[in-house]
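Below is protein.pdb, which holds PDB, C-alpha atoms and all ligand atoms.
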```pdb
MODEL        1
ATOM      1  CA  MET A   1     -25.280  58.333  19.559  1.00  0.00           C
ATOM      2  CA  ASP A   2     -26.108  54.753  20.414  1.00  0.00           C
ATOM      3  CA  LEU A   3     -26.119  54.642  24.219  1.00  0.00           C
ATOM      4  CA  PRO A   4     -27.290  51.863  26.507  1.00  0.00           C
ATOM      5  CA  ASP A   5     -30.494  52.325  28.450  1.00  0.00           C
ATOM      6  CA  LEU A   6     -29.702  54.621  31.387  1.00  0.00           C
ATOM      7  CA  LYS A   7     -32.833  53.917  33.429  1.00  0.00           C
ATOM      8  CA  SER A   8     -33.379  50.823  35.521  1.00  0.00           C
ATOM      9  CA  ASP A   9     -35.493  48.094  33.974  1.00  0.00           C
ATOM     10  CA  CYS A  10     -36.139  45.683  36.834  1.00  0.00           C
ATOM     11  CA  MET A  11     -38.108  43.270  34.638  1.00  0.00           C
ATOM     12  CA  ASN A  12     -34.948  42.515  32.676  1.00  0.00           C
ATOM     13  CA  CYS A  13     -32.620  42.415  35.663  1.00  0.00           C
ATOM     14  CA  ALA A  14     -31.766  39.593  38.047  1.00  0.00           C
ATOM     15  CA  ALA A  15     -32.385  41.897  41.045  1.00  0.00           C
ATOM     16  CA  LEU A  16     -28.686  42.674  41.242  1.00  0.00           C
ATOM     17  CA  CYS A  17     -29.126  45.631  43.586  1.00  0.00           C
ATOM     18  CA  CYS A  18     -31.296  43.607  45.987  1.00  0.00           C
ATOM     19  CA  VAL A  19     -28.712  40.853  46.277  1.00  0.00           C
ATOM     20  CA  SER A  20     -25.378  42.568  45.893  1.00  0.00           C
ATOM     21  CA  LEU A  21     -25.673  45.782  47.884  1.00  0.00           C
ATOM     22  CA  VAL A  22     -25.061  46.181  51.599  1.00  0.00           C
ATOM     23  CA  LEU A  23     -28.022  47.491  53.608  1.00  0.00           C
ATOM     24  CA  ASP A  24     -27.308  49.282  56.879  1.00  0.00           C
ATOM     25  CA  LYS A  25     -30.154  49.369  59.353  1.00  0.00           C
ATOM     26  CA  GLY A  26     -31.176  52.956  60.039  1.00  0.00           C
ATOM     27  CA  LYS A  27     -33.180  55.763  58.483  1.00  0.00           C
ATOM     28  CA  MET A  28     -32.902  54.373  54.965  1.00  0.00           C
ATOM     29  CA  PHE A  29     -33.191  50.634  55.574  1.00  0.00           C
ATOM     30  CA  ALA A  30     -35.103  48.623  58.169  1.00  0.00           C
ATOM     31  CA  ILE A  31     -32.572  45.791  58.213  1.00  0.00           C
ATOM     32  CA  ASP A  32     -28.890  44.995  58.003  1.00  0.00           C
ATOM     33  CA  LYS A  33     -27.869  42.909  55.018  1.00  0.00           C
ATOM     34  CA  GLU A  34     -24.443  41.969  53.789  1.00  0.00           C
ATOM     35  CA  ALA A  35     -23.349  42.022  50.153  1.00  0.00           C
ATOM     36  CA  GLY A  36     -24.226  38.845  48.297  1.00  0.00           C
ATOM     37  CA  ARG A  37     -27.162  37.832  50.496  1.00  0.00           C
ATOM     38  CA  PRO A  38     -30.580  38.247  48.849  1.00  0.00           C
ATOM     39  CA  CYS A  39     -32.822  40.720  50.652  1.00  0.00           C
ATOM     40  CA  PRO A  40     -35.479  38.755  52.582  1.00  0.00           C
ATOM     41  CA  ASN A  41     -38.135  40.866  50.844  1.00  0.00           C
ATOM     42  CA  LEU A  42     -37.060  39.594  47.455  1.00  0.00           C
ATOM     43  CA  GLY A  43     -39.341  37.095  45.724  1.00  0.00           C
ATOM     44  CA  GLY A  44     -37.688  35.702  42.620  1.00  0.00           C
ATOM     45  CA  HIS A  45     -36.301  38.839  41.023  1.00  0.00           C
ATOM     46  CA  LEU A  46     -38.953  41.246  42.305  1.00  0.00           C
ATOM     47  CA  CYS A  47     -39.524  43.114  45.536  1.00  0.00           C
ATOM     48  CA  THR A  48     -42.519  41.723  47.426  1.00  0.00           C
ATOM     49  CA  ILE A  49     -43.045  45.009  49.300  1.00  0.00           C
ATOM     50  CA  HIS A  50     -42.511  47.327  46.342  1.00  0.00           C
ATOM     51  CA  ASP A  51     -45.706  49.323  46.922  1.00  0.00           C
ATOM     52  CA  ASP A  52     -45.016  49.667  50.608  1.00  0.00           C
ATOM     53  CA  LEU A  53     -41.310  50.433  50.732  1.00  0.00           C
ATOM     54  CA  LYS A  54     -41.538  53.757  52.543  1.00  0.00           C
ATOM     55  CA  ASP A  55     -43.879  52.552  55.282  1.00  0.00           C
ATOM     56  CA  ARG A  56     -41.804  49.408  55.770  1.00  0.00           C
ATOM     57  CA  GLY A  57     -38.649  51.464  56.343  1.00  0.00           C
ATOM     58  CA  PHE A  58     -36.930  51.067  52.960  1.00  0.00           C
ATOM     59  CA  GLN A  59     -36.756  54.652  51.672  1.00  0.00           C
ATOM     60  CA  GLY A  60     -33.221  53.871  50.513  1.00  0.00           C
ATOM     61  CA  CYS A  61     -34.621  51.432  47.953  1.00  0.00           C
ATOM     62  CA  ILE A  62     -36.905  54.155  46.580  1.00  0.00           C
ATOM     63  CA  ASN A  63     -33.947  56.515  46.293  1.00  0.00           C
ATOM     64  CA  TYR A  64     -31.705  53.973  44.582  1.00  0.00           C
ATOM     65  CA  GLU A  65     -31.275  53.960  40.809  1.00  0.00           C
ATOM     66  CA  CYS A  66     -28.863  51.639  39.023  1.00  0.00           C
ATOM     67  CA  ALA A  67     -28.930  53.846  35.907  1.00  0.00           C
ATOM     68  CA  GLY A  68     -29.555  50.799  33.723  1.00  0.00           C
ATOM     69  CA  ALA A  69     -26.487  48.874  34.834  1.00  0.00           C
ATOM     70  CA  GLY A  70     -28.480  45.987  36.340  1.00  0.00           C
ATOM     71  CA  GLN A  71     -30.338  44.901  33.246  1.00  0.00           C
ATOM     72  CA  ARG A  72     -27.294  45.470  31.053  1.00  0.00           C
ATOM     73  CA  VAL A  73     -25.125  43.173  33.153  1.00  0.00           C
ATOM     74  CA  THR A  74     -27.895  40.570  33.318  1.00  0.00           C
ATOM     75  CA  GLN A  75     -28.709  40.616  29.626  1.00  0.00           C
ATOM     76  CA  MET A  76     -25.438  41.527  27.937  1.00  0.00           C
ATOM     77  CA  ARG A  77     -22.880  39.873  30.213  1.00  0.00           C
ATOM     78  CA  PHE A  78     -24.888  36.854  31.358  1.00  0.00           C
ATOM     79  CA  ASN A  79     -27.325  36.358  28.502  1.00  0.00           C
ATOM     80  CA  GLY A  80     -30.333  36.713  30.799  1.00  0.00           C
ATOM     81  CA  GLU A  81     -29.138  34.053  33.239  1.00  0.00           C
ATOM     82  CA  SER A  82     -29.489  34.519  36.981  1.00  0.00           C
ATOM     83  CA  TRP A  83     -27.686  33.698  40.183  1.00  0.00           C
ATOM     84  CA  ARG A  84     -31.051  32.266  41.303  1.00  0.00           C
ATOM     85  CA  ASP A  85     -30.663  29.321  38.922  1.00  0.00           C
ATOM     86  CA  ALA A  86     -26.880  29.289  38.839  1.00  0.00           C
ATOM     87  CA  PRO A  87     -25.527  30.540  42.200  1.00  0.00           C
ATOM     88  CA  GLU A  88     -21.951  30.195  40.967  1.00  0.00           C
ATOM     89  CA  LEU A  89     -22.608  33.226  38.731  1.00  0.00           C
ATOM     90  CA  LEU A  90     -23.241  35.540  41.656  1.00  0.00           C
ATOM     91  CA  PRO A  91     -19.666  36.731  42.355  1.00  0.00           C
ATOM     92  CA  ALA A  92     -19.113  37.622  38.693  1.00  0.00           C
ATOM     93  CA  MET A  93     -22.518  39.300  38.420  1.00  0.00           C
ATOM     94  CA  MET A  94     -21.805  41.353  41.531  1.00  0.00           C
ATOM     95  CA  ARG A  95     -18.382  42.304  40.221  1.00  0.00           C
ATOM     96  CA  ASP A  96     -19.701  43.392  36.833  1.00  0.00           C
ATOM     97  CA  PHE A  97     -22.583  45.315  38.404  1.00  0.00           C
ATOM     98  CA  ALA A  98     -20.221  47.137  40.765  1.00  0.00           C
ATOM     99  CA  ASN A  99     -17.936  47.974  37.837  1.00  0.00           C
ATOM    100  CA  LEU A 100     -20.652  49.096  35.459  1.00  0.00           C
ATOM    101  CA  ARG A 101     -22.921  51.166  37.657  1.00  0.00           C
ATOM    102  CA  PRO A 102     -20.462  54.071  38.074  1.00  0.00           C
ATOM    103  CA  LEU A 103     -19.999  54.166  34.302  1.00  0.00           C
ATOM    104  CA  HIS A 104     -23.752  54.373  33.799  1.00  0.00           C
ATOM    105  CA  GLU A 105     -23.997  57.150  36.381  1.00  0.00           C
ATOM    106  CA  ARG A 106     -21.289  59.007  34.523  1.00  0.00           C
ATOM    107  CA  MET A 107     -23.103  58.593  31.218  1.00  0.00           C
ATOM    108  CA  THR A 108     -26.281  59.906  32.845  1.00  0.00           C
ATOM    109  CA  MET A 109     -24.423  63.026  33.960  1.00  0.00           C
ATOM    110  CA  LEU A 110     -22.842  63.499  30.541  1.00  0.00           C
ATOM    111  CA  VAL A 111     -26.228  63.245  28.822  1.00  0.00           C
ATOM    112  CA  ALA A 112     -27.641  65.799  31.275  1.00  0.00           C
ATOM    113  CA  ALA A 113     -24.712  68.145  30.533  1.00  0.00           C
ATOM    114  CA  GLU A 114     -26.016  68.572  27.002  1.00  0.00           C
ATOM    115  CA  LYS A 115     -28.400  71.265  28.264  1.00  0.00           C
ATOM    116  CA  TYR A 116     -25.537  73.642  29.062  1.00  0.00           C
ATOM    117  CA  PRO A 117     -24.020  76.009  26.490  1.00  0.00           C
ATOM    118  CA  LEU A 118     -20.857  73.946  26.048  1.00  0.00           C
ATOM    119  CA  THR A 119     -17.870  75.187  24.116  1.00  0.00           C
ATOM    120  CA  ASP A 120     -16.880  73.126  21.080  1.00  0.00           C
ATOM    121  CA  GLU A 121     -14.001  71.672  23.078  1.00  0.00           C
ATOM    122  CA  LEU A 122     -16.278  70.594  25.912  1.00  0.00           C
ATOM    123  CA  GLU A 123     -18.874  69.160  23.565  1.00  0.00           C
ATOM    124  CA  GLN A 124     -16.186  67.107  21.841  1.00  0.00           C
ATOM    125  CA  MET A 125     -14.953  65.891  25.228  1.00  0.00           C
ATOM    126  CA  ARG A 126     -18.498  65.005  26.245  1.00  0.00           C
ATOM    127  CA  GLN A 127     -19.201  63.004  23.110  1.00  0.00           C
ATOM    128  CA  LYS A 128     -15.852  61.237  23.167  1.00  0.00           C
ATOM    129  CA  MET A 129     -16.370  60.182  26.785  1.00  0.00           C
ATOM    130  CA  LEU A 130     -19.889  58.976  26.095  1.00  0.00           C
ATOM    131  CA  ARG A 131     -18.673  56.838  23.207  1.00  0.00           C
ATOM    132  CA  LYS A 132     -15.920  55.357  25.331  1.00  0.00           C
ATOM    133  CA  LEU A 133     -18.138  54.733  28.356  1.00  0.00           C
ATOM    134  CA  ALA A 134     -20.810  53.086  26.216  1.00  0.00           C
ATOM    135  CA  ARG A 135     -18.381  50.391  25.097  1.00  0.00           C
ATOM    136  CA  SER A 136     -16.636  49.882  28.438  1.00  0.00           C
ATOM    137  CA  TRP A 137     -17.428  47.456  31.220  1.00  0.00           C
ATOM    138  CA  ALA A 138     -15.136  48.862  33.893  1.00  0.00           C
ATOM    139  CA  ASP A 139     -13.443  52.118  34.779  1.00  0.00           C
ATOM    140  CA  THR A 140      -9.854  52.995  33.978  1.00  0.00           C
ATOM    141  CA  PRO A 141      -7.682  55.687  35.589  1.00  0.00           C
ATOM    142  CA  GLN A 142      -7.635  57.577  32.275  1.00  0.00           C
ATOM    143  CA  MET A 143     -11.419  57.555  31.930  1.00  0.00           C
ATOM    144  CA  SER A 144     -11.789  58.723  35.488  1.00  0.00           C
ATOM    145  CA  ALA A 145      -9.257  61.508  34.977  1.00  0.00           C
ATOM    146  CA  ASP A 146     -10.951  62.612  31.744  1.00  0.00           C
ATOM    147  CA  PHE A 147     -14.309  62.793  33.493  1.00  0.00           C
ATOM    148  CA  ASP A 148     -12.893  64.826  36.383  1.00  0.00           C
ATOM    149  CA  ALA A 149     -11.274  67.214  33.886  1.00  0.00           C
ATOM    150  CA  PHE A 150     -14.604  67.609  32.101  1.00  0.00           C
ATOM    151  CA  LEU A 151     -16.439  68.375  35.348  1.00  0.00           C
ATOM    152  CA  GLU A 152     -13.803  70.941  36.268  1.00  0.00           C
ATOM    153  CA  LYS A 153     -14.362  72.756  32.988  1.00  0.00           C
ATOM    154  CA  LEU A 154     -18.123  72.396  33.172  1.00  0.00           C
ATOM    155  CA  ARG A 155     -18.476  73.825  36.682  1.00  0.00           C
ATOM    156  CA  PRO A 156     -18.217  77.554  35.803  1.00  0.00           C
ATOM    157  CA  ILE A 157     -20.650  77.096  32.908  1.00  0.00           C
ATOM    158  CA  ALA A 158     -23.166  75.211  35.043  1.00  0.00           C
ATOM    159  CA  GLN A 159     -22.988  77.872  37.772  1.00  0.00           C
ATOM    160  CA  THR A 160     -23.932  80.787  35.516  1.00  0.00           C
TER     161      THR A 160
HETATM  162  S1  LIG B 201     -36.748  45.918  50.186  1.00  0.00           S
HETATM  163 FE1  LIG B 201     -37.315  45.315  48.088  1.00  0.00          FE
HETATM  164  S2  LIG B 201     -36.259  46.830  46.747  1.00  0.00           S
HETATM  165 FE2  LIG B 201     -35.298  46.946  48.765  1.00  0.00          FE
HETATM  166  S3  LIG B 201     -33.523  45.554  48.666  1.00  0.00           S
HETATM  167 FE3  LIG B 201     -35.253  44.386  49.504  1.00  0.00          FE
HETATM  168  S4  LIG B 201     -36.212  43.386  47.751  1.00  0.00           S
HETATM  169 FE4  LIG B 201     -34.894  45.035  46.955  1.00  0.00          FE
ENDMDL
END
```

Re-express the file's structure as structure tokens.
Amino acid sequence: MDLPDLKSDCMNCAALCCVSLVLDKGKMFAIDKEAGRPCPNLGGHLCTIHDDLKDRGFQGCINYECAGAGQRVTQMRFNGESWRDAPELLPAMMRDFANLRPLHERMTMLVAAEKYPLTDELEQMRQKMLRKLARSWADTPQMSADFDAFLEKLRPIAQT
């Protein structure tokens, strides 16, 4: 099945996590930052303290994974353009990133579910959802309900 890349590729992303996410000062982040403000540690599209994140108090950045949503929004929705050069793009980039990341997380879980001994019905559900998620840019109530129903059926299999 032709799925999008489900791992972050920061070199092809416009640092969407580092600009769009809220940081709350505490154990995970050394600073407070509101959504839409570039992190002060960001240089261009890359983190200037990447090799030192833990010691500088940014364990949350190490833990974070966009599941490939960042580069897909940047490349597929905005043709590689960036809010750095065109600040007016930022609200739409943030919106699309927020919409797409949960879908990519869901696809990651569905790919991982392949390792379980799924019934034919569950395998068909899994593949159908993957196909639908791969061509979607935002969640729908039906997609969300289908995913919840799949997880409900998967749980007893995953626990054995
Ligand atoms: S510390 Fe680095 S990785 Fe974390 S938000 Fe800032 S620029 Fe991004």

Item to complete: Have a look at A:Leu53, A:Ile62, A:Met93, A:Ala67 and name the one nearest to Leu6 in chain A; count only C-alpha atoms.
Response: A:Ala67

Fill in: Matched chain/residue IDs from the PyMOL selection byres (((not hetatm)) within 7 of (chain B and resi 201)), as a PyMOL selection string
chain A and resi 17-18+39-42+46-50+53+58+61

Worksheet entry | Residues within 12 Å of range 150-154 of chain A, all atoms listed in the file, excluding chain neighbours under 3 positions, as a VMD selection string | chain A and resid 106 109 to 110 112 to 119 121 to 130 143 to 147 157 to 160

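Every protein, DNA or RNA residue with an atom at most 10 Å from Trp83 in chain A, where only C-alpha atoms count and chain neighbours fewer than 3 positions away do not, is listed here: Ala14, Ala15, Leu16, Val19, Thr74, Phe78, Ala86, Pro87, Glu88, Leu89, Leu90, Pro91, Ala92, Met93 and Met94 of chain A.
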
Worksheet entry | Given only C-alpha atoms as the counted atoms, nearest of A:Ile31, A:Met76, A:Val22, A:Met1 to Lys132 in chain A |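 Selected residue with least distance to Lys132 in chain A: A:Met1.
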
Item to complete: Find, counting all atoms listed in the file, the residue in A:Asp120, A:Lys25, A:Glu105, A:Asn99 that gets nearest to Ser136 in chain A.
Response: A:Asn99

Discussion item. Applying 10 Å and all atoms listed in the file, which residues near Gly80 in chain A remain after dropping the ones on its own chain fewer than 3 positions away? List them as a PyMOL selection string.
Written reply: chain A and resi 12-14+71-77

Practice prompt. Please write as a ChimeraX atom specification the full residue list that the PyMOL selection byres (((chain A and resi 104) around 8) and not hetatm) yields on this file.
Written response: /A:6,66-69,100-103,105-108,133

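Interatomic distance, CA of Glu65 in chain A against CA of Asp24 in chain A: 17.2 Å.
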
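Of note, CA of Ala134 in chain A and CA of Leu3 in chain A are spaced 5.9 Å apart.
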
Worksheet item: Out of A:Arg131, A:His45, A:Arg155, A:Arg37, which residue has the shortest atom-to-atom distance to Arg84 in chain A when counting all atoms listed in the file?
Response: A:His45

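Counting from CA of Gly70 in chain A, the distance to CA of Phe97 in chain A is 6.3 Å.
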
Range 17-24 of chain A, all listed atoms, 8 Å padding on each side: what axis-aligned box centre and edge lengths in Å to one decimal come out, as AutoDock Vina command-line options?
```
--center_x -28.2 --center_y 45.1 --center_z 50.2 --size_x 22.2 --size_y 24.4 --size_z 29.3
```
